[in-house]
file start.txt (compact mmCIF, C-alpha atoms)
# COMPACT_ATOMS: atom_id res chain seq x y z
CA MET A 1 21.92 -17.90 24.94
CA THR A 2 24.52 -15.19 24.91
CA PRO A 3 26.57 -15.11 28.10
CA GLU A 4 25.58 -12.23 30.32
CA GLN A 5 28.36 -9.77 30.68
CA ALA A 6 27.61 -7.69 33.69
CA THR A 7 31.08 -6.30 34.01
CA SER A 8 32.55 -6.37 30.55
CA SER A 9 35.92 -4.79 30.08
CA ALA A 10 35.36 -4.63 26.33
CA ALA A 11 32.20 -2.53 26.52
CA PRO A 12 33.08 1.08 27.32
CA ARG A 13 29.88 1.71 29.24
CA GLY A 14 29.72 -1.67 30.94
CA ALA A 15 30.14 -0.11 34.35
CA GLN A 16 27.12 2.21 34.16
CA ARG A 17 24.85 -0.38 32.64
CA PRO A 18 22.48 -2.02 35.13
CA PRO A 19 23.34 -5.71 35.39
CA ARG A 20 21.30 -8.41 33.72
CA LEU A 21 19.41 -6.08 31.44
CA ARG A 22 18.38 -8.19 28.49
CA GLU A 23 19.09 -6.46 25.23
CA LEU A 24 17.97 -7.46 21.77
CA ALA A 25 19.08 -6.24 18.37
CA ILE A 26 16.34 -6.64 15.78
CA VAL A 27 17.75 -6.87 12.27
CA PRO A 28 15.08 -6.81 9.56
CA ALA A 29 16.52 -8.09 6.27
CA HIS A 30 14.94 -8.50 2.89
CA ASN A 31 17.33 -9.82 0.25
CA GLU A 32 20.44 -8.57 2.03
CA GLU A 33 22.72 -11.56 1.53
CA GLY A 34 25.60 -9.22 0.74
CA SER A 35 25.49 -7.29 4.00
CA VAL A 36 23.68 -9.26 6.68
CA ALA A 37 26.79 -11.18 7.78
CA SER A 38 28.86 -8.05 8.30
CA VAL A 39 25.98 -6.36 10.13
CA VAL A 40 25.78 -9.30 12.53
CA ARG A 41 29.56 -9.46 13.03
CA GLU A 42 29.79 -5.76 13.69
CA LEU A 43 26.97 -5.96 16.25
CA ARG A 44 28.71 -8.85 17.98
CA ALA A 45 32.02 -7.05 18.09
CA VAL A 46 30.69 -3.70 19.29
CA GLU A 47 27.79 -4.79 21.50
CA PRO A 48 28.63 -8.25 22.84
CA GLY A 49 25.86 -8.06 25.44
CA PHE A 50 23.16 -8.00 22.81
CA GLU A 51 21.25 -10.97 21.57
CA ILE A 52 20.65 -10.69 17.88
CA VAL A 53 17.58 -11.75 15.94
CA VAL A 54 17.46 -11.47 12.17
CA ILE A 55 13.99 -11.20 10.70
CA ASP A 56 14.16 -12.62 7.21
CA ASP A 57 11.30 -10.88 5.45
CA GLY A 58 10.59 -13.49 2.81
CA SER A 59 13.93 -13.10 1.07
CA THR A 60 14.43 -14.90 -2.21
CA ASP A 61 18.20 -14.94 -1.82
CA ARG A 62 20.43 -16.60 0.80
CA THR A 63 19.88 -13.98 3.53
CA ALA A 64 18.40 -16.45 6.02
CA ALA A 65 21.02 -19.14 5.41
CA ILE A 66 23.89 -16.68 5.79
CA ALA A 67 22.46 -15.23 9.00
CA ASP A 68 21.92 -18.75 10.29
CA ALA A 69 25.54 -19.62 9.56
CA GLU A 70 26.57 -16.65 11.70
CA GLY A 71 24.89 -18.41 14.59
CA VAL A 72 22.25 -15.81 15.39
CA ASP A 73 18.55 -16.42 15.81
CA VAL A 74 16.77 -16.18 12.49
CA ILE A 75 13.02 -15.80 12.19
CA ARG A 76 11.82 -16.58 8.69
CA LEU A 77 8.62 -14.94 7.57
CA PRO A 78 6.83 -17.19 5.09
CA PHE A 79 6.46 -14.32 2.62
CA ASN A 80 7.37 -10.67 2.34
CA LEU A 81 5.44 -8.52 4.81
CA GLY A 82 7.27 -5.27 4.24
CA ILE A 83 9.49 -3.51 6.74
CA GLY A 84 6.63 -2.74 9.14
CA GLY A 85 5.46 -6.32 9.50
CA ALA A 86 9.03 -7.60 9.74
CA VAL A 87 10.08 -5.17 12.45
CA GLN A 88 6.89 -5.86 14.37
CA THR A 89 7.75 -9.56 14.36
CA GLY A 90 11.00 -8.58 16.07
CA TYR A 91 9.11 -6.66 18.74
CA GLN A 92 6.80 -9.62 19.27
CA TYR A 93 9.87 -11.80 19.74
CA ALA A 94 11.27 -9.27 22.20
CA ARG A 95 8.02 -9.23 24.15
CA ASP A 96 7.60 -13.01 24.19
CA ASN A 97 11.15 -13.50 25.44
CA GLY A 98 11.09 -10.79 28.06
CA PHE A 99 13.70 -8.42 26.68
CA ASP A 100 14.14 -5.08 28.46
CA VAL A 101 15.61 -3.19 25.55
CA ALA A 102 15.29 -3.60 21.79
CA VAL A 103 17.35 -1.84 19.16
CA GLN A 104 16.35 -1.84 15.52
CA VAL A 105 19.30 -2.14 13.13
CA ASP A 106 18.76 -2.35 9.37
CA GLY A 107 20.15 -5.40 7.61
CA ASP A 108 21.62 -3.30 4.81
CA GLY A 109 24.45 -2.01 6.97
CA GLN A 110 23.55 1.68 6.96
CA HIS A 111 23.29 1.78 10.74
CA ASP A 112 26.58 1.94 12.58
CA ALA A 113 26.62 -0.37 15.61
CA ARG A 114 29.05 1.97 17.38
CA GLU A 115 26.19 4.49 17.66
CA ILE A 116 23.99 2.10 19.64
CA ALA A 117 25.60 3.18 22.90
CA ARG A 118 24.38 6.72 22.26
CA LEU A 119 20.88 5.49 21.49
CA LEU A 120 20.77 3.56 24.74
CA GLU A 121 21.82 6.41 26.99
CA PRO A 122 18.44 8.19 27.30
CA LEU A 123 16.70 4.83 27.79
CA LEU A 124 19.01 3.70 30.55
CA GLU A 125 18.77 7.06 32.27
CA GLY A 126 14.99 6.72 32.16
CA ARG A 127 14.58 9.90 30.13
CA ALA A 128 12.86 8.22 27.21
CA ASP A 129 10.77 5.23 26.16
CA MET A 130 11.95 5.46 22.59
CA VAL A 131 15.17 6.89 21.18
CA VAL A 132 15.50 7.64 17.48
CA GLY A 133 18.83 8.13 15.76
CA THR A 134 18.66 11.19 13.53
CA ARG A 135 20.94 12.25 10.71
CA PHE A 136 19.96 15.89 10.95
CA ALA A 137 20.22 17.11 14.51
CA ALA A 138 23.54 18.71 15.31
CA GLY A 139 26.28 16.13 15.25
CA GLY A 140 24.74 13.92 12.59
CA GLY A 141 26.07 14.08 9.05
CA TYR A 142 23.82 13.36 6.11
CA ARG A 143 24.21 13.76 2.40
CA GLY A 144 21.42 12.67 0.10
CA THR A 145 19.70 14.01 -2.94
CA ARG A 146 18.26 17.47 -2.55
CA LEU A 147 14.70 16.34 -3.20
CA ARG A 148 15.03 13.69 -0.56
CA ARG A 149 16.35 16.18 1.99
CA ILE A 150 13.48 18.59 1.28
CA GLY A 151 10.94 15.78 1.56
CA ILE A 152 12.38 14.67 4.85
CA HIS A 153 12.30 18.22 6.21
CA ILE A 154 8.67 18.78 5.25
CA PHE A 155 7.68 15.60 6.99
CA ALA A 156 9.77 16.50 9.96
CA ALA A 157 7.88 19.80 10.28
CA ILE A 158 4.47 18.12 10.07
CA VAL A 159 5.38 15.35 12.47
CA SER A 160 6.91 17.82 14.88
CA LEU A 161 3.56 19.61 14.97
CA LEU A 162 1.67 16.40 15.62
CA VAL A 163 4.07 15.23 18.26
CA ARG A 164 4.59 18.66 19.81
CA ALA A 165 8.29 17.95 20.01
CA ARG A 166 11.18 18.48 17.68
CA VAL A 167 11.54 15.62 15.23
CA THR A 168 14.16 16.06 12.55
CA ASP A 169 14.57 12.66 10.92
CA THR A 170 11.28 10.87 10.48
CA THR A 171 12.55 8.23 8.08
CA SER A 172 15.15 6.90 10.44
CA GLY A 173 14.66 3.24 11.29
CA PHE A 174 17.55 3.31 13.74
CA ARG A 175 15.90 3.28 17.13
CA ALA A 176 16.06 1.87 20.62
CA VAL A 177 13.03 1.21 22.82
CA ASN A 178 12.24 -0.04 26.32
CA ARG A 179 9.71 -2.61 27.53
CA LYS A 180 6.75 -0.27 27.40
CA THR A 181 7.34 0.58 23.76
CA ILE A 182 8.11 -3.04 22.91
CA SER A 183 4.72 -4.12 24.23
CA LEU A 184 3.00 -1.37 22.28
CA PHE A 185 4.77 -2.10 18.98
CA ALA A 186 4.21 -5.84 19.40
CA ILE A 187 0.46 -5.32 19.16
CA ASP A 188 0.23 -2.17 17.04
CA TYR A 189 2.71 -1.17 14.37
CA PRO A 190 2.13 0.64 11.08
CA HIS A 191 2.49 -1.24 7.78
CA ASP A 192 4.61 0.13 4.98
CA TYR A 193 6.90 3.12 5.62
CA PRO A 194 6.24 2.75 9.33
CA GLU A 195 8.88 5.06 10.83
CA VAL A 196 6.90 8.30 10.93
CA GLU A 197 3.70 6.68 12.05
CA ALA A 198 5.45 4.64 14.68
CA THR A 199 6.81 7.84 16.20
CA VAL A 200 3.39 9.48 16.26
CA LEU A 201 1.79 6.30 17.56
CA ALA A 202 4.22 6.05 20.45
CA VAL A 203 3.88 9.70 21.43
CA ARG A 204 0.08 9.59 21.28
CA HIS A 205 0.22 6.65 23.64
CA GLY A 206 2.01 8.88 26.09
CA LEU A 207 5.48 7.46 25.52
CA ARG A 208 8.47 9.77 25.63
CA MET A 209 10.52 10.08 22.46
CA VAL A 210 14.01 11.50 22.30
CA GLU A 211 16.19 12.11 19.26
CA VAL A 212 19.90 11.48 19.28
CA PRO A 213 22.24 12.57 16.46
CA VAL A 214 24.02 9.67 14.78
CA GLN A 215 26.16 9.05 11.76
CA MET A 216 24.73 6.78 9.12
CA ARG A 217 26.58 5.08 6.33
CA VAL A 218 25.78 4.73 2.68
CA ARG A 219 24.27 1.32 2.17
CA GLU A 220 26.78 -1.44 1.48
CA THR A 221 25.03 -3.59 -1.09
CA GLY A 222 21.60 -4.05 -2.61
CA SER A 223 19.48 -1.13 -3.66
CA SER A 224 17.49 1.45 -1.73
CA SER A 225 13.76 0.94 -1.86
CA ILE A 226 13.25 4.61 -2.65
CA THR A 227 12.50 5.67 -6.21
CA ALA A 228 10.81 8.82 -7.50
CA LEU A 229 7.39 7.23 -7.93
CA ARG A 230 7.61 5.52 -4.58
CA SER A 231 8.56 8.78 -2.93
CA VAL A 232 5.30 10.29 -4.11
CA TYR A 233 3.35 7.28 -2.91
CA TYR A 234 5.27 7.46 0.35
CA MET A 235 4.38 11.10 0.98
CA VAL A 236 0.71 10.70 0.11
CA LYS A 237 0.36 7.50 2.11
CA VAL A 238 2.09 8.80 5.20
CA LEU A 239 0.28 12.14 5.13
CA LEU A 240 -3.05 10.32 4.86
CA ALA A 241 -2.12 8.02 7.71
CA LEU A 242 -1.04 10.93 9.91
CA PHE A 243 -4.15 12.92 9.10
CA ILE A 244 -6.50 10.03 9.83
CA GLY A 245 -4.47 9.25 12.91
CA LEU A 246 -5.51 12.61 14.35
CA PHE A 247 -9.11 11.41 14.43
CA ARG A 248 -8.33 7.99 15.77
CA ARG A 249 -8.66 7.06 19.39
CA TYR A 250 -5.89 5.09 20.96
CA PRO A 251 -7.57 2.65 23.31
CA THR A 252 -4.86 -0.01 22.98
CA PRO A 253 -4.00 -0.85 26.56
CA LEU A 254 -0.34 -0.87 27.51
CA GLU A 255 0.63 -3.83 29.61
CA GLU A 256 2.91 -2.66 32.34
CA PRO A 257 6.24 -4.42 32.46
CA MET B 258 -43.02 6.14 -16.97
CA THR B 259 -40.33 3.70 -18.00
CA PRO B 260 -40.82 2.23 -21.47
CA LEU B 261 -42.34 -1.24 -21.18
CA ARG B 262 -39.51 -3.04 -23.00
CA ILE B 263 -36.85 -1.60 -20.75
CA SER B 264 -38.92 -2.58 -17.72
CA ILE B 265 -39.23 -6.14 -18.92
CA ALA B 266 -35.54 -6.43 -19.82
CA ALA B 267 -34.46 -4.96 -16.49
CA ALA B 268 -36.82 -7.20 -14.55
CA ILE B 269 -35.48 -10.29 -16.31
CA ALA B 270 -31.89 -9.21 -15.69
CA ALA B 271 -32.64 -8.60 -12.01
CA VAL B 272 -34.31 -11.98 -11.62
CA ILE B 273 -31.34 -13.72 -13.26
CA LEU B 274 -28.95 -11.83 -10.97
CA LEU B 275 -30.96 -12.83 -7.89
CA LEU B 276 -31.13 -16.44 -8.99
CA VAL B 277 -27.37 -16.61 -9.61
CA ILE B 278 -26.70 -15.11 -6.17
CA LEU B 279 -29.08 -17.53 -4.47
CA GLU B 280 -27.52 -20.48 -6.31
CA LEU B 281 -24.03 -19.34 -5.25
CA ILE B 282 -25.17 -19.20 -1.64
CA ARG B 283 -26.89 -22.57 -1.89
CA SER B 284 -23.77 -24.24 -3.24
CA ARG B 285 -21.69 -22.51 -0.54
CA ARG B 286 -19.54 -20.62 -2.99
CA LEU B 287 -20.73 -17.32 -1.55
CA GLN B 288 -21.10 -16.60 2.15
CA GLU B 289 -24.34 -14.96 3.23
CA ARG B 290 -22.54 -12.00 4.76
CA TYR B 291 -20.96 -11.12 1.42
CA ALA B 292 -24.14 -11.85 -0.49
CA LEU B 293 -26.31 -9.35 1.39
CA LEU B 294 -25.15 -6.33 -0.60
CA TRP B 295 -25.57 -8.22 -3.85
CA LEU B 296 -29.07 -9.35 -2.92
CA LEU B 297 -29.99 -5.80 -2.04
CA THR B 298 -28.68 -4.64 -5.42
CA GLY B 299 -30.71 -7.24 -7.28
CA LEU B 300 -33.84 -6.46 -5.29
CA VAL B 301 -33.60 -2.72 -5.89
CA ILE B 302 -33.15 -3.24 -9.63
CA PHE B 303 -36.08 -5.61 -9.66
CA VAL B 304 -38.41 -3.31 -7.74
CA LEU B 305 -37.53 -0.35 -9.95
CA ALA B 306 -38.07 -2.40 -13.08
CA VAL B 307 -41.47 -3.68 -12.01
CA TRP B 308 -42.82 -0.61 -10.24
CA ARG B 309 -42.65 1.54 -13.33
CA GLY B 310 -43.95 4.76 -11.83
CA LEU B 311 -41.35 4.78 -9.05
CA LEU B 312 -38.35 5.23 -11.34
CA GLY B 313 -40.13 8.17 -13.04
CA SER B 314 -40.86 9.98 -9.80
CA LEU B 315 -37.33 9.29 -8.52
CA SER B 316 -35.89 10.74 -11.72
CA ASP B 317 -38.08 13.83 -11.40
CA LEU B 318 -36.95 14.24 -7.83
CA VAL B 319 -33.24 14.46 -8.69
CA GLY B 320 -33.74 16.03 -12.13
CA ILE B 321 -32.84 13.16 -14.45
CA ALA B 322 -34.62 13.72 -17.77
CA TYR B 323 -34.55 10.14 -19.03
CA PRO B 324 -35.78 7.75 -16.32
CA PRO B 325 -33.93 4.62 -17.51
CA SER B 326 -30.59 6.36 -17.00
CA ALA B 327 -31.57 6.72 -13.33
CA LEU B 328 -31.54 2.94 -13.29
CA PHE B 329 -27.92 2.94 -14.43
CA VAL B 330 -26.93 5.61 -11.94
CA LEU B 331 -28.40 3.49 -9.19
CA ALA B 332 -26.75 0.34 -10.48
CA ALA B 333 -23.38 2.11 -10.64
CA PHE B 334 -23.86 3.33 -7.07
CA PHE B 335 -24.47 -0.19 -5.83
CA VAL B 336 -21.45 -1.50 -7.71
CA LEU B 337 -19.34 1.14 -5.96
CA LEU B 338 -20.79 0.08 -2.62
CA VAL B 339 -19.95 -3.54 -3.29
CA LEU B 340 -16.40 -2.63 -4.35
CA LEU B 341 -15.87 -0.51 -1.26
CA HIS B 342 -17.12 -3.40 0.81
CA TYR B 343 -14.54 -5.61 -0.89
CA SER B 344 -11.77 -3.17 -0.05
CA THR B 345 -12.65 -3.40 3.62
CA VAL B 346 -12.73 -7.18 3.38
CA ILE B 347 -9.32 -7.23 1.68
CA SER B 348 -7.87 -4.90 4.33
CA LYS B 349 -9.10 -7.16 7.07
CA LEU B 350 -7.83 -10.27 5.32
CA SER B 351 -4.37 -8.83 4.72
CA ASP B 352 -4.19 -7.80 8.39
CA GLN B 353 -5.12 -11.29 9.50
CA ASN B 354 -2.70 -12.70 6.94
CA ARG B 355 0.15 -10.64 8.40
CA ILE B 356 -0.66 -11.75 11.94
CA LEU B 357 -0.73 -15.38 10.85
CA ALA B 358 2.62 -15.05 9.08
CA GLN B 359 4.16 -13.50 12.20
CA ARG B 360 2.77 -16.15 14.53
CA LEU B 361 3.91 -18.90 12.18
CA ALA B 362 7.43 -17.49 11.90
CA LEU B 363 7.75 -17.06 15.69
CA LEU B 364 6.40 -20.54 16.38
CA GLU B 365 8.64 -22.12 13.77
CA HIS B 366 11.62 -20.41 15.32
CA ARG B 367 10.66 -21.58 18.79
CA LEU B 368 10.26 -25.12 17.51
CA ASP B 369 13.73 -25.04 15.94
CA THR B 370 15.28 -23.65 19.09
CA ASP B 371 13.63 -26.28 21.30
CA ARG B 372 14.86 -29.05 19.03
CA LEU B 373 18.38 -27.66 19.11
CA ASP B 374 18.28 -27.40 22.91
CA ASP B 375 17.15 -31.02 23.13
CA GLU B 376 20.03 -32.16 20.98
CA ILE B 377 22.61 -30.30 23.01
CA SER B 378 21.27 -31.29 26.41
CA PRO B 379 18.03 -33.19 26.95
CA HIS B 380 17.58 -31.60 30.38
CA ALA B 381 17.81 -28.01 29.23
CA SER B 382 14.71 -26.02 29.89

call {"tool": "encode", "arguments": {"input": "start.txt", "output": "structure tokens"}}
result
Amino acid sequence: MTPEQATSSAAPRGAQRPPRLRELAIVPAHNEEGSVASVVRELRAVEPGFEIVVIDDGSTDRTAAIADAEGVDVIRLPFNLGIGGAVQTGYQYARDNGFDVAVQVDGDGQHDAREIARLLEPLLEGRADMVVGTRFAAGGGYRGTRLRRIGIHIFAAIVSLLVRARVTDTTSGFRAVNRKTISLFAIDYPHDYPEVEATVLAVRHGLRMVEVPVQMRVRETGSSSITALRSVYYMVKVLLALFIGLFRRYPTPLEEP
Amino acid sequence: MTPLRISIAAAIAAVILLLVILELIRSRRLQERYALLWLLTGLVIFVLAVWRGLLGSLSDLVGIAYPPSALFVLAAFFVLLVLLHYSTVISKLSDQNRILAQRLALLEHRLDTDRLDDEISPHAS
């Protein structure tokens, strides 16, 4: 158990934070032995109030052992489920252990822990059930390949239509959610490339989504899962899922916290 | 009217198919629920092979000049049906597989944590 720090002098927003709110950082990691330790250390240093759970998504390297040595909770999936299944395991853990807030932080180090405070703000003020860190809204800086930027913008336009709200960065896995959203994602979460669908899913369930501009880093080690062929598969798959989603009913009951 | 030889060959093939399916069910290597589509396929082929006039009138109906090719069209359609059925089965299995993996991982973690708690202090909750 991490000691509760109701009035922490280290945390800049410790005063405004309601006491005894249980916060969890979910760190999905698949073969990230080079970065998972620094991700965990950074989280500890910047957000000492958070409990950290690393979801080892069937890594074949030493990811789980290294995370374990850092002294955080490690959940080892018996085989690779993909990012969707891994993240969902984190939400199930959050639900089972009664966490109030869960933040998703990639194990590859591209998400800056110092931005978590900004993600939490709308949640703590009760303005949102889910907050997504975006690289594109004013204040966020993003440089990627041109094709990738165009792809992201097209998706953003389509998703914005579906959600009837402005969504600029649909591929962002940097997000913070409250209990309501935790209980939804624990029982229903999209499979591969889940970010876009998760946003639509949440909004169609009547949850409020807010975007917050954040800075993201270039990944530290390992390789991005995005290649040209996969990008095409990604677009087709996600568009199909979104299109079908329009004709799907959403009867999944939300258990009230 | 289907040529007699083709009718006989098709009927024999259908009977063999049906027998193989029934034997697979009997020896519990094939569950009944997955065998139904196959049985239906075998039966349809058999009926069309034996009832020789039916294939001809069916072919006329949809404009196929050579009746035996209607047999193949039908067979191909059933194969597609069976394959589609398999895709749904695989989807369901992979979903269940994912849920099992998640439950297992969470339970394993809880087990480890409990053991650790016991070692540190036997009275810890």

call {"tool": "closest_residue", "arguments": {"input": "start.txt", "among": "A:Leu119, A:Val46, A:Ala37, A:Leu77", "to": "B:Ala362", "atoms": "all atoms listed in the file"}}
result
A:Leu77

call {"tool": "closest_atom_pairs", "arguments": {"input": "start.txt", "of": "chain B", "to": "chain A", "cutoff": "8 Å", "atoms": "all atoms listed in the file", "output": "Markdown table"}}
result
| residue | atom | partner | partner_atom | distance |
| --- | --- | --- | --- | --- |
| B:Arg355 | CA | A:Leu81 | CA | 6.7 |
| B:Ala358 | CA | A:Pro78 | CA | 6.2 |
| B:Gln359 | CA | A:Thr89 | CA | 5.8 |
| B:Leu361 | CA | A:Leu77 | CA | 7.7 |
| B:Ala362 | CA | A:Leu77 | CA | 5.2 |
| B:Leu363 | CA | A:Ile75 | CA | 6.5 |
| B:Glu365 | CA | A:Ile75 | CA | 7.9 |
| B:His366 | CA | A:Ile75 | CA | 5.7 |

call {"tool": "closest_residue", "arguments": {"input": "start.txt", "among": "B:Ala292, B:Val339, B:Ile263, B:Val304", "to": "B:Glu280", "atoms": "all atoms listed in the file"}}
result
B:Ala292

call {"tool": "closest_residue", "arguments": {"input": "start.txt", "among": "A:Ile152, A:Ala113, A:Ala69, A:Ile83", "to": "A:Val39", "atoms": "all atoms listed in the file"}}
result
A:Ala113

call {"tool": "closest_residue", "arguments": {"input": "start.txt", "among": "A:Val131, A:Leu147, A:Leu43, A:Leu242", "to": "A:Val163", "atoms": "only C-alpha atoms"}}
result
A:Leu242

call {"tool": "residues_near_point", "arguments": {"input": "start.txt", "point": "(-28.5, -9.4, -11.4)", "cutoff": "10 Å", "atoms": "only C-alpha atoms", "output": "list in words"}}
result
Ala267, Ala268, Ile269, Ala270, Ala271, Val272, Ile273, Leu274, Leu275, Leu276, Val277, Ile278, Trp295, Leu296, Thr298, Gly299, Leu300, Ile302, Phe303 and Ala332 of chain B

call {"tool": "write_last_selection", "arguments": {"input": "start.txt", "atoms": "C-alpha atoms", "output": "short mmCIF file (atom, residue, chain, number, x, y, z; two decimals), keeping the file's coordinate frame"}}
result
data_model
loop_
_atom_site.label_atom_id
_atom_site.label_comp_id
_atom_site.auth_asym_id
_atom_site.auth_seq_id
_atom_site.Cartn_x
_atom_site.Cartn_y
_atom_site.Cartn_z
CA ALA B 267 -34.46 -4.96 -16.49
CA ALA B 268 -36.82 -7.20 -14.55
CA ILE B 269 -35.48 -10.29 -16.31
CA ALA B 270 -31.89 -9.21 -15.69
CA ALA B 271 -32.64 -8.60 -12.01
CA VAL B 272 -34.31 -11.98 -11.62
CA ILE B 273 -31.34 -13.72 -13.26
CA LEU B 274 -28.95 -11.83 -10.97
CA LEU B 275 -30.96 -12.83 -7.89
CA LEU B 276 -31.13 -16.44 -8.99
CA VAL B 277 -27.37 -16.61 -9.61
CA ILE B 278 -26.70 -15.11 -6.17
CA TRP B 295 -25.57 -8.22 -3.85
CA LEU B 296 -29.07 -9.35 -2.92
CA THR B 298 -28.68 -4.64 -5.42
CA GLY B 299 -30.71 -7.24 -7.28
CA LEU B 300 -33.84 -6.46 -5.29
CA ILE B 302 -33.15 -3.24 -9.63
CA PHE B 303 -36.08 -5.61 -9.66
CA ALA B 332 -26.75 0.34 -10.48
#

call {"tool": "atom_distance", "arguments": {"input": "start.txt", "atom1": "atom CA of A:Arg44", "atom2": "atom CA of B:Leu373"}}
result
21.5 Å

call {"tool": "residues_around", "arguments": {"input": "start.txt", "residues": "B:Leu315", "least_positions_apart": "2", "cutoff": "12 Å", "atoms": "all atoms listed in the file", "output": "CSV table (one decimal) with C-alpha atoms, keeping the file's coordinate frame"}}
result
chain,number,residue,atom,x,y,z
B,258,MET,CA,-43.0,6.1,-17.0
B,259,THR,CA,-40.3,3.7,-18.0
B,305,LEU,CA,-37.5,-0.4,-10.0
B,308,TRP,CA,-42.8,-0.6,-10.2
B,309,ARG,CA,-42.6,1.5,-13.3
B,310,GLY,CA,-44.0,4.8,-11.8
B,311,LEU,CA,-41.4,4.8,-9.0
B,312,LEU,CA,-38.4,5.2,-11.3
B,313,GLY,CA,-40.1,8.2,-13.0
B,317,ASP,CA,-38.1,13.8,-11.4
B,318,LEU,CA,-37.0,14.2,-7.8
B,319,VAL,CA,-33.2,14.5,-8.7
B,320,GLY,CA,-33.7,16.0,-12.1
B,321,ILE,CA,-32.8,13.2,-14.4
B,322,ALA,CA,-34.6,13.7,-17.8
B,323,TYR,CA,-34.6,10.1,-19.0
B,324,PRO,CA,-35.8,7.8,-16.3
B,325,PRO,CA,-33.9,4.6,-17.5
B,326,SER,CA,-30.6,6.4,-17.0
B,327,ALA,CA,-31.6,6.7,-13.3
B,328,LEU,CA,-31.5,2.9,-13.3
B,330,VAL,CA,-26.9,5.6,-11.9
B,331,LEU,CA,-28.4,3.5,-9.2

call {"tool": "atom_distance", "arguments": {"input": "start.txt", "atom1": "atom CA of B:Ser316", "atom2": "atom CA of B:Leu261"}}
result
16.6 Å

call {"tool": "axis_aligned_box", "arguments": {"input": "start.txt", "around": "stretch 115-123 of chain A", "padding_each_side": "3 Å", "output": "AutoDock Vina command-line options"}}
result
--center_x 21.4 --center_y 5.1 --center_z 22.7 --size_x 15.5 --size_y 12.1 --size_z 16.1

call {"tool": "decode", "arguments": {"input": "start.txt", "residues": "stretch 180-192 of chain A", "atoms": "N, CA and C atoms", "output": "mmCIF file, in the first residue's frame"}}
result
data_model
loop_
_atom_site.group_PDB
_atom_site.id
_atom_site.type_symbol
_atom_site.label_atom_id
_atom_site.label_comp_id
_atom_site.auth_asym_id
_atom_site.auth_seq_id
_atom_site.Cartn_x
_atom_site.Cartn_y
_atom_site.Cartn_z
ATOM 1 N N LYS A 180 -17.030 5.905 -12.834
ATOM 2 C CA LYS A 180 -18.048 5.530 -13.810
ATOM 3 C C LYS A 180 -17.395 4.903 -15.038
ATOM 4 N N THR A 181 -16.388 5.614 -15.556
ATOM 5 C CA THR A 181 -15.736 5.140 -16.772
ATOM 6 C C THR A 181 -14.932 3.872 -16.495
ATOM 7 N N ILE A 182 -14.336 3.786 -15.314
ATOM 8 C CA ILE A 182 -13.611 2.567 -14.949
ATOM 9 C C ILE A 182 -14.547 1.369 -15.033
ATOM 10 N N SER A 183 -15.756 1.516 -14.453
ATOM 11 C CA SER A 183 -16.659 0.366 -14.430
ATOM 12 C C SER A 183 -17.156 0.017 -15.832
ATOM 13 N N LEU A 184 -17.250 1.016 -16.689
ATOM 14 C CA LEU A 184 -17.634 0.719 -18.077
ATOM 15 C C LEU A 184 -16.507 -0.019 -18.792
ATOM 16 N N PHE A 185 -15.296 0.534 -18.726
ATOM 17 C CA PHE A 185 -14.166 -0.056 -19.454
ATOM 18 C C PHE A 185 -13.801 -1.434 -18.912
ATOM 19 N N ALA A 186 -14.096 -1.679 -17.635
ATOM 20 C CA ALA A 186 -13.763 -2.988 -17.066
ATOM 21 C C ALA A 186 -14.597 -4.086 -17.716
ATOM 22 N N ILE A 187 -15.815 -3.742 -18.147
ATOM 23 C CA ILE A 187 -16.635 -4.785 -18.767
ATOM 24 C C ILE A 187 -16.685 -4.673 -20.285
ATOM 25 N N ASP A 188 -16.399 -3.505 -20.846
ATOM 26 C CA ASP A 188 -16.492 -3.360 -22.294
ATOM 27 C C ASP A 188 -15.377 -2.452 -22.782
ATOM 28 N N TYR A 189 -14.442 -3.029 -23.515
ATOM 29 C CA TYR A 189 -13.336 -2.225 -24.040
ATOM 30 C C TYR A 189 -12.949 -2.792 -25.397
ATOM 31 N N PRO A 190 -12.711 -1.924 -26.379
ATOM 32 C CA PRO A 190 -12.393 -2.423 -27.717
ATOM 33 C C PRO A 190 -11.051 -3.174 -27.753
ATOM 34 N N HIS A 191 -10.847 -3.972 -28.802
ATOM 35 C CA HIS A 191 -9.668 -4.840 -28.854
ATOM 36 C C HIS A 191 -8.418 -4.114 -29.323
ATOM 37 N N ASP A 192 -8.056 -4.319 -30.570
ATOM 38 C CA ASP A 192 -6.822 -3.679 -31.028
ATOM 39 C C ASP A 192 -7.112 -2.252 -31.508
#
